[in-house]
file start32.tsv (TSV, C-alpha atoms)
chain	number	residue	atom	x	y	z
S	22	MET	CA	63.45	89.36	106.38
S	23	THR	CA	60.77	86.82	105.66
S	24	THR	CA	57.38	88.23	104.97
S	25	PHE	CA	53.84	86.93	105.29
S	26	HIS	CA	50.55	87.77	103.70
S	27	LEU	CA	48.55	90.34	105.64
S	28	GLN	CA	45.07	91.63	104.98
S	29	VAL	CA	43.52	94.53	106.85
S	30	VAL	CA	39.75	94.56	106.40
S	31	THR	CA	37.29	97.13	107.73
S	32	PRO	CA	33.55	97.58	107.19
S	33	ASP	CA	34.42	100.32	104.67
S	34	GLY	CA	36.52	97.99	102.58
S	35	CYS	CA	40.06	96.69	102.42
S	36	ALA	CA	42.78	98.93	103.93
S	37	PHE	CA	45.84	96.79	103.25
S	38	ASP	CA	46.42	93.67	101.23
S	39	GLY	CA	49.93	92.42	100.61
S	40	GLN	CA	53.18	91.10	101.99
S	41	ALA	CA	54.28	92.40	105.36
S	42	GLU	CA	57.32	91.84	107.49
S	43	ARG	CA	55.71	92.68	110.79
S	44	VAL	CA	52.48	94.02	112.21
S	45	VAL	CA	52.17	95.55	115.65
S	46	CYS	CA	48.83	96.37	117.26
S	47	ARG	CA	47.13	96.56	120.60
S	48	SER	CA	44.98	93.60	121.65
S	49	ILE	CA	42.68	93.51	124.67
S	50	ALA	CA	45.57	91.99	126.62
S	51	GLY	CA	48.29	94.43	125.51
S	52	ASP	CA	50.54	95.20	122.56
S	53	ILE	CA	51.42	92.30	120.32
S	54	CYS	CA	53.65	91.88	117.29
S	55	ILE	CA	53.10	89.29	114.61
S	56	LEU	CA	56.04	88.09	112.51
S	57	ALA	CA	56.21	85.57	109.72
S	58	ARG	CA	55.65	81.88	110.60
S	59	HIS	CA	53.47	82.67	113.59
S	60	THR	CA	51.44	79.81	114.99
S	61	ASP	CA	47.65	79.80	114.44
S	62	PHE	CA	46.43	82.60	116.61
S	63	CYS	CA	43.32	84.62	117.40
S	64	THR	CA	42.76	87.62	119.62
S	65	ALA	CA	40.40	90.55	119.98
S	66	LEU	CA	41.75	94.04	119.43
S	67	GLY	CA	41.67	96.95	121.81
S	68	MET	CA	42.22	100.60	120.99
S	69	GLY	CA	45.63	101.89	120.16
S	70	GLU	CA	48.33	102.66	117.67
S	71	ALA	CA	49.25	100.01	115.16
S	72	HIS	CA	51.92	99.84	112.54
S	73	ILE	CA	52.81	97.66	109.62
S	74	VAL	CA	56.29	97.14	108.18
S	75	ASP	CA	55.80	96.12	104.59
S	76	ALA	CA	58.05	94.00	102.36
S	77	GLU	CA	60.19	97.03	101.35
S	78	GLY	CA	60.81	97.89	104.98
S	79	ASN	CA	58.55	100.98	105.06
S	80	ARG	CA	56.86	101.56	108.36
S	81	ARG	CA	53.27	102.79	108.18
S	82	ARG	CA	51.43	103.88	111.27
S	83	ALA	CA	47.69	103.82	111.86
S	84	ALA	CA	45.05	104.16	114.53
S	85	CYS	CA	43.31	100.84	115.09
S	86	MET	CA	40.20	100.38	117.19
S	87	GLY	CA	38.35	97.19	117.99
S	88	GLY	CA	38.02	94.05	115.98
S	89	LEU	CA	39.88	90.82	115.63
S	90	LEU	CA	43.32	89.57	114.61
S	91	SER	CA	43.73	86.04	113.38
S	92	VAL	CA	46.59	84.07	111.88
S	93	VAL	CA	45.64	80.90	110.05
S	94	ASN	CA	48.22	78.85	108.11
S	95	GLY	CA	50.66	81.73	108.08
S	96	GLU	CA	48.14	84.21	106.69
S	97	ALA	CA	47.23	87.11	108.93
S	98	HIS	CA	43.83	88.80	108.86
S	99	LEU	CA	43.35	91.99	110.80
S	100	ILE	CA	39.63	92.67	110.98
S	101	ALA	CA	39.45	96.20	112.39
S	102	THR	CA	36.35	98.17	113.27
S	103	THR	CA	38.26	101.36	112.53
S	104	TRP	CA	41.57	101.53	110.76
S	105	GLU	CA	42.90	104.97	109.86
S	106	TRP	CA	46.34	105.51	108.36
S	107	ALA	CA	48.30	108.21	110.19
S	108	GLU	CA	48.28	110.51	107.14
S	109	GLN	CA	44.49	110.21	106.82
S	110	ILE	CA	43.70	111.23	110.37
S	111	ASP	CA	42.24	114.70	110.66
S	112	GLN	CA	44.26	115.94	113.64
S	113	ALA	CA	42.26	119.15	114.02
S	114	ARG	CA	39.04	117.19	114.21
S	115	ALA	CA	40.49	114.74	116.71
S	116	GLU	CA	41.69	117.63	118.90
S	117	ALA	CA	38.25	119.25	118.74
S	118	SER	CA	36.58	115.96	119.62
S	119	LYS	CA	38.97	115.51	122.54
S	120	LYS	CA	38.18	119.00	123.87
S	121	ARG	CA	34.45	118.43	123.51
S	122	ALA	CA	34.63	115.11	125.36
S	123	GLU	CA	36.69	116.66	128.15
S	124	GLU	CA	34.15	119.44	128.50
S	125	ILE	CA	31.30	116.95	128.79
S	126	LEU	CA	33.22	114.90	131.34
S	127	ARG	CA	33.79	118.00	133.47
S	128	GLN	CA	30.05	118.39	134.03
S	129	LYS	CA	28.84	116.93	137.29
S	130	ASN	CA	25.28	115.89	136.48
S	131	LEU	CA	25.87	113.19	133.85
S	132	ASP	CA	23.94	109.98	133.78
S	133	ASN	CA	25.81	106.72	133.24
S	134	ARG	CA	25.21	106.51	129.55
S	135	GLU	CA	26.31	110.03	128.75
S	136	TYR	CA	29.41	109.45	130.82
S	137	GLU	CA	30.27	106.26	128.94
S	138	LEU	CA	29.68	107.86	125.55
S	139	ALA	CA	31.86	110.83	126.41
S	140	GLN	CA	34.59	108.59	127.74
S	141	ALA	CA	34.55	106.43	124.63
S	142	ARG	CA	34.80	109.57	122.53
S	143	LEU	CA	37.74	110.80	124.59
S	144	LYS	CA	39.53	107.47	124.21
S	145	ARG	CA	39.07	107.47	120.46
S	146	ALA	CA	40.31	111.05	120.23
S	147	LEU	CA	43.36	110.25	122.37
S	148	VAL	CA	44.31	107.32	120.15
S	149	ARG	CA	43.95	109.48	117.05
S	150	THR	CA	46.01	112.36	118.43
S	151	SER	CA	48.74	110.00	119.63
S	152	VAL	CA	49.33	108.64	116.12
S	153	ARG	CA	51.45	111.19	114.32
Y	18	MET	CA	-18.42	124.43	77.36
Y	19	ALA	CA	-15.44	126.77	77.41
Y	20	GLY	CA	-15.45	126.53	81.21
Y	21	SER	CA	-15.16	122.74	81.23
Y	22	MET	CA	-12.37	122.92	78.66
Y	23	LYS	CA	-10.41	125.20	80.93
Y	24	ASN	CA	-10.98	122.88	83.89
Y	25	ILE	CA	-9.71	119.88	81.98
Y	26	LYS	CA	-6.67	121.81	80.80
Y	27	LEU	CA	-5.85	122.72	84.40
Y	28	ARG	CA	-6.19	119.13	85.55
Y	29	ILE	CA	-3.92	117.90	82.78
Y	30	LYS	CA	-1.33	120.43	83.87
Y	31	SER	CA	-1.51	119.39	87.50
Y	32	VAL	CA	-1.28	115.68	86.67
Y	33	GLN	CA	1.67	116.45	84.41
Y	34	SER	CA	3.57	118.18	87.20
Y	35	THR	CA	2.82	115.30	89.58
Y	36	MET	CA	4.11	112.94	86.96
Y	37	GLN	CA	7.32	114.92	86.73
Y	38	ILE	CA	7.81	114.57	90.47
Y	39	THR	CA	7.13	110.85	90.56
Y	40	LYS	CA	9.41	110.34	87.58
Y	41	ALA	CA	12.20	112.25	89.33
Y	42	MET	CA	11.70	110.29	92.55
Y	43	GLU	CA	11.93	107.07	90.63
Y	44	LEU	CA	15.21	108.10	89.03
Y	45	VAL	CA	16.65	109.25	92.35
Y	46	ALA	CA	15.65	105.98	94.00
Y	47	SER	CA	17.26	103.87	91.30
Y	48	SER	CA	20.54	105.79	91.40
Y	49	LYS	CA	20.69	105.64	95.21
Y	50	MET	CA	19.87	101.97	95.01
Y	51	ARG	CA	23.16	101.23	93.26
Y	52	ARG	CA	25.13	102.96	96.01
Y	53	ALA	CA	23.23	101.08	98.72
Y	54	LYS	CA	24.09	97.77	97.06
Y	55	GLU	CA	27.77	98.71	96.84
Y	56	ARG	CA	27.78	99.56	100.53
Y	57	VAL	CA	26.50	96.11	101.44
Y	58	GLU	CA	29.09	94.43	99.26
Y	59	GLN	CA	31.98	96.45	100.70
Y	60	SER	CA	31.18	95.55	104.28
Y	61	ARG	CA	30.40	91.91	103.63
Y	62	PRO	CA	33.94	90.40	103.91
Y	63	TYR	CA	34.44	92.05	107.29
Y	64	PHE	CA	31.35	90.52	108.88
Y	65	HIS	CA	31.86	87.23	107.10
Y	66	VAL	CA	35.25	86.76	108.77
Y	67	LEU	CA	33.82	87.83	112.12
Y	68	HIS	CA	31.08	85.24	111.85
Y	69	ASP	CA	33.52	82.51	110.83
Y	70	SER	CA	35.76	83.27	113.78
Y	71	LEU	CA	32.84	83.12	116.19
Y	72	VAL	CA	31.77	79.75	114.80
Y	73	GLN	CA	35.33	78.48	115.10
Y	74	ILE	CA	35.62	79.59	118.70
Y	75	CYS	CA	32.27	77.98	119.48
Y	76	ALA	CA	33.37	74.75	117.84
Y	77	ALA	CA	36.64	74.70	119.78
Y	78	HIS	CA	35.04	75.47	123.13
Y	79	GLN	CA	32.02	73.23	123.56
Y	80	ASP	CA	31.64	74.05	127.23
Y	81	MET	CA	31.59	77.80	126.74
Y	82	ARG	CA	29.48	79.70	129.25
Y	83	SER	CA	29.36	83.11	127.69
Y	84	PRO	CA	26.42	85.19	129.00
Y	85	TYR	CA	25.63	86.07	125.39
Y	86	LEU	CA	24.93	82.43	124.54
Y	87	LYS	CA	22.79	81.49	127.51
Y	88	LYS	CA	19.06	81.16	126.80
Y	89	ARG	CA	16.99	82.84	129.46
Y	90	GLU	CA	13.67	81.85	130.97
Y	91	GLY	CA	11.64	85.04	130.60
Y	92	GLY	CA	10.46	86.46	127.32
Y	93	ARG	CA	10.94	90.19	127.81
Y	94	THR	CA	12.06	91.39	124.41
Y	95	LEU	CA	13.83	94.44	123.08
Y	96	LEU	CA	12.75	95.12	119.54
Y	97	VAL	CA	15.05	96.94	117.14
Y	98	VAL	CA	12.86	98.24	114.33
Y	99	ILE	CA	14.35	99.55	111.11
Y	100	ALA	CA	11.87	101.51	108.97
Y	101	GLY	CA	12.21	104.30	106.45
Y	102	ASP	CA	12.57	108.04	106.90
Y	103	ARG	CA	9.94	109.02	104.34
Y	104	GLY	CA	6.69	107.75	102.98
Y	105	LEU	CA	5.73	107.28	99.33
Y	106	ALA	CA	7.32	103.86	99.23
Y	107	GLY	CA	4.30	101.64	98.72
Y	108	GLY	CA	3.67	99.23	101.58
Y	109	TYR	CA	7.26	99.37	102.84
Y	110	ASN	CA	6.69	101.09	106.18
Y	111	SER	CA	3.25	99.70	106.94
Y	112	ASN	CA	4.26	96.08	106.26
Y	113	LEU	CA	7.23	96.38	108.57
Y	114	LEU	CA	5.41	98.12	111.38
Y	115	LYS	CA	2.57	95.60	111.16
Y	116	LEU	CA	5.09	92.79	111.61
Y	117	ALA	CA	6.79	94.63	114.48
Y	118	ASP	CA	3.47	95.13	116.27
Y	119	ALA	CA	2.77	91.40	116.03
Y	120	GLN	CA	5.87	90.47	118.07
Y	121	PRO	CA	5.00	89.10	121.51
Y	122	GLU	CA	6.15	90.43	124.90
Y	123	VAL	CA	7.91	93.53	123.68
Y	124	VAL	CA	8.92	95.62	126.69
Y	125	CYS	CA	11.19	98.11	124.99
Y	126	VAL	CA	11.70	99.39	121.46
Y	127	LEU	CA	14.70	100.86	119.69
Y	128	PRO	CA	13.34	102.48	116.54
Y	129	ILE	CA	15.58	103.39	113.62
Y	130	GLY	CA	14.21	105.70	110.95
Y	131	LYS	CA	11.80	108.60	111.30
Y	132	ARG	CA	8.70	106.57	110.49
Y	133	ALA	CA	9.47	104.00	113.20
Y	134	VAL	CA	10.26	106.67	115.80
Y	135	GLU	CA	7.01	108.51	115.09
Y	136	HIS	CA	4.99	105.29	115.12
Y	137	TYR	CA	6.21	104.26	118.57
Y	138	GLN	CA	6.01	107.75	119.99
Y	139	ARG	CA	2.36	107.86	119.00
Y	140	ARG	CA	1.75	104.53	120.72
Y	141	GLY	CA	3.55	105.65	123.86
Y	142	ALA	CA	5.93	102.67	123.76
Y	143	ASN	CA	8.95	102.47	126.01
Y	144	LEU	CA	11.82	103.74	123.84
Y	145	LEU	CA	15.44	102.89	124.51
Y	146	SER	CA	16.71	105.78	122.44
Y	147	GLN	CA	15.31	108.25	119.93
Y	148	GLU	CA	18.61	109.28	118.47
Y	149	TYR	CA	18.43	107.15	115.36
Y	150	ALA	CA	15.71	109.04	113.51
Y	151	GLN	CA	17.65	109.13	110.25
Y	152	ALA	CA	18.05	105.61	108.89
Y	153	ALA	CA	19.66	106.76	105.65
Y	154	ASP	CA	22.43	108.74	107.39
Y	155	MET	CA	23.50	106.01	109.78
Y	156	SER	CA	27.18	105.11	109.52
Y	157	VAL	CA	28.99	101.99	110.63
Y	158	GLY	CA	30.10	103.92	113.70
Y	159	ASP	CA	26.48	104.56	114.71
Y	160	CYS	CA	25.76	100.85	114.41
Y	161	PHE	CA	28.69	100.05	116.71
Y	162	GLU	CA	27.51	102.56	119.28
Y	163	LEU	CA	24.01	101.13	119.10
Y	164	SER	CA	25.17	97.55	119.44
Y	165	ARG	CA	27.33	98.38	122.45
Y	166	LEU	CA	24.28	99.97	124.06
Y	167	VAL	CA	22.11	96.95	123.30
Y	168	ALA	CA	24.72	94.41	124.44
Y	169	ALA	CA	25.37	96.28	127.71
Y	170	SER	CA	21.70	96.49	128.67
Y	171	PHE	CA	21.20	92.84	127.68
Y	172	LEU	CA	24.02	91.83	130.03
Y	173	LYS	CA	22.54	93.97	132.78
Y	174	GLY	CA	19.38	91.89	132.48
Y	175	ASP	CA	17.00	94.60	131.27
Y	176	TYR	CA	15.50	92.08	128.86
Y	177	ASP	CA	15.86	88.42	128.00
Y	178	ALA	CA	16.03	88.58	124.24
Y	179	VAL	CA	16.74	91.05	121.46
Y	180	LYS	CA	14.96	90.87	118.13
Y	181	LEU	CA	15.45	92.81	114.95
Y	182	CYS	CA	12.71	93.76	112.50
Y	183	TYR	CA	13.90	94.77	109.06
Y	184	THR	CA	13.03	94.36	105.42
Y	185	GLN	CA	14.89	91.74	103.45
Y	186	PHE	CA	15.81	92.75	99.93
Y	187	THR	CA	15.04	89.73	97.77
Y	188	SER	CA	14.84	91.41	94.39
Y	189	MET	CA	13.77	94.65	92.79
Y	190	MET	CA	10.17	93.43	92.87
Y	191	THR	CA	9.98	91.63	96.23
Y	192	GLN	CA	10.96	92.87	99.65
Y	193	THR	CA	9.82	90.96	102.71
Y	194	ALA	CA	9.57	92.24	106.26
Y	195	GLN	CA	11.37	89.92	108.64
Y	196	ALA	CA	12.02	89.47	112.34
Y	197	ILE	CA	15.24	87.79	113.40
Y	198	SER	CA	16.66	87.06	116.82
Y	199	ILE	CA	19.99	88.71	117.70
Y	200	LEU	CA	20.53	87.91	121.36
Y	201	PRO	CA	21.07	85.40	122.88
Y	202	VAL	CA	23.42	84.51	120.05
Y	203	ASP	CA	22.47	81.37	118.22
Y	204	ILE	CA	25.57	79.77	116.74
Y	205	GLN	CA	25.54	76.05	116.06
Y	206	PRO	CA	28.77	74.76	114.57
Y	207	THR	CA	28.39	71.71	112.34
Y	208	ASP	CA	30.08	68.41	113.20
Y	209	GLU	CA	32.57	68.98	110.45
Y	210	GLN	CA	33.56	72.32	111.95
Y	211	LYS	CA	33.81	70.72	115.39
Y	212	ASN	CA	36.18	68.06	114.09
Y	213	ALA	CA	38.30	70.64	112.30
Y	214	ALA	CA	38.49	72.66	115.50
Y	215	ARG	CA	39.66	69.64	117.46
Y	216	ARG	CA	42.52	69.06	115.05
Y	217	SER	CA	43.66	72.67	114.90
Y	218	ILE	CA	45.99	74.20	117.46
Y	219	MET	CA	44.58	77.68	117.42
Y	220	LEU	CA	45.95	79.84	120.18
Y	221	TYR	CA	43.42	82.18	121.76
Y	222	GLU	CA	44.70	85.06	123.77
Y	223	PRO	CA	43.85	85.79	126.58
Y	224	SER	CA	41.23	83.00	126.23
Y	225	GLY	CA	38.62	81.81	123.78
Y	226	GLU	CA	35.81	83.06	125.95
Y	227	GLU	CA	37.24	86.51	126.42
Y	228	VAL	CA	37.89	86.89	122.71
Y	229	PHE	CA	34.35	85.69	122.02
Y	230	ASP	CA	32.78	88.13	124.46
Y	231	SER	CA	34.63	91.11	123.10
Y	232	ILE	CA	33.79	90.28	119.49
Y	233	ILE	CA	30.08	89.81	120.14
Y	234	PRO	CA	29.17	93.55	120.21
Y	235	GLU	CA	30.91	93.92	116.87
Y	236	TYR	CA	29.06	90.93	115.53
Y	237	ILE	CA	25.75	92.48	116.58
Y	238	ALA	CA	26.79	95.73	114.97
Y	239	GLY	CA	27.47	93.73	111.84
Y	240	MET	CA	24.00	92.20	111.89
Y	241	VAL	CA	22.38	95.58	112.48
Y	242	TYR	CA	24.44	97.22	109.76
Y	243	GLY	CA	23.66	94.44	107.33
Y	244	ALA	CA	19.96	94.68	108.13
Y	245	LEU	CA	20.11	98.46	107.81
Y	246	CYS	CA	21.69	98.28	104.37
Y	247	GLU	CA	19.15	95.68	103.28
Y	248	SER	CA	16.32	97.86	104.58
Y	249	ILE	CA	17.60	100.95	102.80
Y	250	ALA	CA	17.93	99.00	99.57
Y	251	SER	CA	14.40	97.64	100.10
Y	252	GLU	CA	13.01	101.08	100.77
Y	253	LEU	CA	14.53	102.44	97.59
Y	254	ALA	CA	13.32	99.47	95.57
Y	255	ALA	CA	9.82	99.82	97.04
Y	256	ARG	CA	9.83	103.54	96.29
Y	257	ARG	CA	11.04	102.92	92.78
Y	258	THR	CA	8.26	100.42	92.11
Y	259	ALA	CA	5.64	102.65	93.71
Y	260	MET	CA	6.80	105.68	91.76
Y	261	ASP	CA	6.97	103.70	88.55
Y	262	ALA	CA	3.33	102.68	89.04
Y	263	ALA	CA	2.40	106.27	89.89
Y	264	THR	CA	4.09	107.57	86.76
Y	265	LYS	CA	2.25	105.01	84.64
Y	266	ASN	CA	-1.07	105.91	86.25
Y	267	ALA	CA	-0.42	109.59	85.65
Y	268	GLY	CA	0.31	108.85	82.00
Y	269	GLU	CA	-2.95	106.96	81.65
Y	270	MET	CA	-4.84	109.73	83.37
Y	271	ILE	CA	-3.39	112.34	81.02
Y	272	GLU	CA	-4.43	110.23	78.05
Y	273	HIS	CA	-8.01	110.06	79.32
Y	274	LEU	CA	-8.10	113.73	80.10
Y	275	ASN	CA	-6.75	114.55	76.66
Y	276	LEU	CA	-9.59	112.54	75.16
Y	277	TYR	CA	-12.15	114.45	77.23
Y	278	TYR	CA	-10.48	117.71	76.33
Y	279	ASN	CA	-10.66	116.99	72.62
Y	280	ARG	CA	-14.26	115.90	72.94
Y	281	ALA	CA	-15.13	119.08	74.79
Y	282	ARG	CA	-13.31	121.17	72.20
Y	283	GLN	CA	-15.14	119.40	69.36
Y	284	ALA	CA	-18.47	119.89	71.13
Y	285	ALA	CA	-17.74	123.59	71.50
Y	286	ILE	CA	-16.91	123.94	67.80
Y	287	THR	CA	-20.01	121.99	66.75
Y	288	GLN	CA	-22.19	124.16	68.91
Y	289	GLU	CA	-20.69	127.33	67.49
Y	290	ILE	CA	-21.29	126.13	63.93
Y	291	THR	CA	-24.88	125.18	64.80
Y	292	GLU	CA	-25.42	128.64	66.24
Y	293	ILE	CA	-23.95	130.38	63.17
Y	294	VAL	CA	-25.95	128.24	60.78
Y	295	ALA	CA	-29.10	128.84	62.79
Y	296	GLY	CA	-28.41	132.60	62.72
Y	297	ALA	CA	-27.82	132.62	58.91
Y	298	GLU	CA	-31.08	130.78	58.13
Y	299	HIS	CA	-33.24	133.43	59.83

call {"tool": "encode", "arguments": {"input": "start32.tsv", "output": "structure tokens"}}
result
Amino acid sequence: MTTFHLQVVTPDGCAFDGQAERVVCRSIAGDICILARHTDFCTALGMGEAHIVDAEGNRRRAACMGGLLSVVNGEAHLIATTWEWAEQIDQARAEASKKRAEEILRQKNLDNREYELAQARLKRALVRTSVR
Amino acid sequence: MAGSMKNIKLRIKSVQSTMQITKAMELVASSKMRRAKERVEQSRPYFHVLHDSLVQICAAHQDMRSPYLKKREGGRTLLVVIAGDRGLAGGYNSNLLKLADAQPEVVCVLPIGKRAVEHYQRRGANLLSQEYAQAADMSVGDCFELSRLVAASFLKGDYDAVKLCYTQFTSMMTQTAQAISILPVDIQPTDEQKNAARRSIMLYEPSGEEVFDSIIPEYIAGMVYGALCESIASELAARRTAMDAATKNAGEMIEHLNLYYNRARQAAITQEITEIVAGAEH
């Protein structure tokens, strides 16, 4: 299949730079898939699983949270706030974080901010545990 | 005489051990400095692209009415202050806090770094959060959390503007304290960019405005993170310079003390000889 140039950039550096056949990720409006020869495009990313199929046809999964996806002149840039390859995710830590967030959410006397923080933590943990 | 010799010897020893400490601090600061610079460089492409995209969206949508862009009437300001965690860095902390205190109409403060937190606690200022007492340990994730907090309370209307006080790293010798405005966002695309945007057929999904609004918190996080890295680099540079000066001063002091010590020793010997000679003559 035809491939296109894809770059995955995070604040910690570059996570992927090379030819890809397809990239799937979750935007704020739902899951999207970018193939070669896509029109110029820009969207903000939500939280969810993403995967890249590279030029050799290998499928690599990752947890992707927040950021921006843009395609300009056939070149795709995925600017992710967090991008963790499936094999790099510490499942035990994600599980523990999920449990801790659930415990906090079970308490009744939370103020708004604590509630939001705990919920955001739970969401992140759920995304991480779902990518296996 | 013997007493003063002993005193001088003790002082030399104490100055020498101080010098060892300042020397070590200088070395630590310069090695950390390199890492701080690398951190800035690694994160730069990410925020660069974010900024470019925001400018592009702005250029393509002239009539955008994002709440983040709208200038408000009042002047109630939230001040994000980034200072150091420790002292012994020359004028680093005091310059920054002086600048922060000079900002008008500050209703709320978000201090980052132990020195800033302590400063505002002492003054009884209204603090948004005290969780960021360790500037050096802050990760990108912390910056995102912080920016989400700031953006949410800005939208709620708790204040009309958000400003950031940090120290700009110009070079090893000069670091300047600065105050910049974060919110409302000030993005002015040039005419060239506007024309380019008119010609392009960029597809925004779900819409330019929605994309813009959801990127803004990340953009703020980028500004805060950038400022934080700059501040940390500045702090280390300031400490390095201060410690370098301290080491030099200690060296000079030891030289002087050595001179006094030798003089005192010579005086003691001369006196002893005089006494012996005087005793032999009788």

call {"tool": "closest_atom_pairs", "arguments": {"input": "start32.tsv", "of": "chain Y", "to": "chain S", "cutoff": "7 Å", "atoms": "all atoms listed in the file", "output": "tab-separated table"}}
result
residue	atom	partner	partner_atom	distance
Y:Gln59	CA	S:Gly34	CA	5.1
Y:Ser60	CA	S:Pro32	CA	4.3
Y:Tyr63	CA	S:Pro32	CA	5.6
Y:Ile218	CA	S:Asp61	CA	6.6
Y:Met219	CA	S:Asp61	CA	4.8
Y:Leu220	CA	S:Phe62	CA	4.5
Y:Tyr221	CA	S:Cys63	CA	5.0
Y:Glu222	CA	S:Thr64	CA	5.2
Y:Pro223	CA	S:Ala50	CA	6.4
Y:Val228	CA	S:Ala65	CA	5.2
Y:Ser231	CA	S:Ala65	CA	6.6
Y:Ile232	CA	S:Ala65	CA	6.6

call {"tool": "write_last_selection", "arguments": {"input": "start32.tsv", "atoms": "C-alpha atoms", "output": "PDB file, keeping the file's coordinate frame"}}
result
ATOM      1  CA  GLN Y  59      31.980  96.450 100.700  1.00  0.00           C
ATOM      2  CA  SER Y  60      31.180  95.550 104.280  1.00  0.00           C
ATOM      3  CA  TYR Y  63      34.440  92.050 107.290  1.00  0.00           C
ATOM      4  CA  ILE Y 218      45.990  74.200 117.460  1.00  0.00           C
ATOM      5  CA  MET Y 219      44.580  77.680 117.420  1.00  0.00           C
ATOM      6  CA  LEU Y 220      45.950  79.840 120.180  1.00  0.00           C
ATOM      7  CA  TYR Y 221      43.420  82.180 121.760  1.00  0.00           C
ATOM      8  CA  GLU Y 222      44.700  85.060 123.770  1.00  0.00           C
ATOM      9  CA  PRO Y 223      43.850  85.790 126.580  1.00  0.00           C
ATOM     10  CA  VAL Y 228      37.890  86.890 122.710  1.00  0.00           C
ATOM     11  CA  SER Y 231      34.630  91.110 123.100  1.00  0.00           C
ATOM     12  CA  ILE Y 232      33.790  90.280 119.490  1.00  0.00           C
TER      13      ILE Y 232
END

call {"tool": "atom_distance", "arguments": {"input": "start32.tsv", "atom1": "CA of Ala97 (chain S)", "atom2": "CA of Leu27 (chain S)"}}
result
4.8 Å

call {"tool": "atom_distance", "arguments": {"input": "start32.tsv", "atom1": "CA of Asn94 (chain S)", "atom2": "CA of Glu58 (chain Y)"}}
result
26.2 Å

call {"tool": "residues_around", "arguments": {"input": "start32.tsv", "residues": "Pro84 (chain Y)", "least_positions_apart": "3", "cutoff": "9 Å", "atoms": "all atoms listed in the file", "output": "list in words"}}
result
Lys87, Lys88, Leu172, Pro201 and Asp230 of chain Y

call {"tool": "atom_distance", "arguments": {"input": "start32.tsv", "atom1": "CA of Asn212 (chain Y)", "atom2": "CA of Val72 (chain Y)"}}
result
12.5 Å

call {"tool": "closest_residue", "arguments": {"input": "start32.tsv", "among": "S:Ala84, S:Val148, S:Ile53, S:Met22", "to": "Gln109 (chain S)", "atoms": "all atoms listed in the file"}}
result
S:Ala84

call {"tool": "residues_near_point", "arguments": {"input": "start32.tsv", "point": "(7.0, 95.8, 122.7)", "cutoff": "10 Å", "atoms": "all atoms listed in the file", "output": "ChimeraX atom specification"}}
result
/Y:93-97,117-127,137,142-144

call {"tool": "closest_residue", "arguments": {"input": "start32.tsv", "among": "S:Ala76, S:Leu147, S:Ala139, S:Cys85", "to": "Leu126 (chain S)", "atoms": "all atoms listed in the file"}}
result
S:Ala139
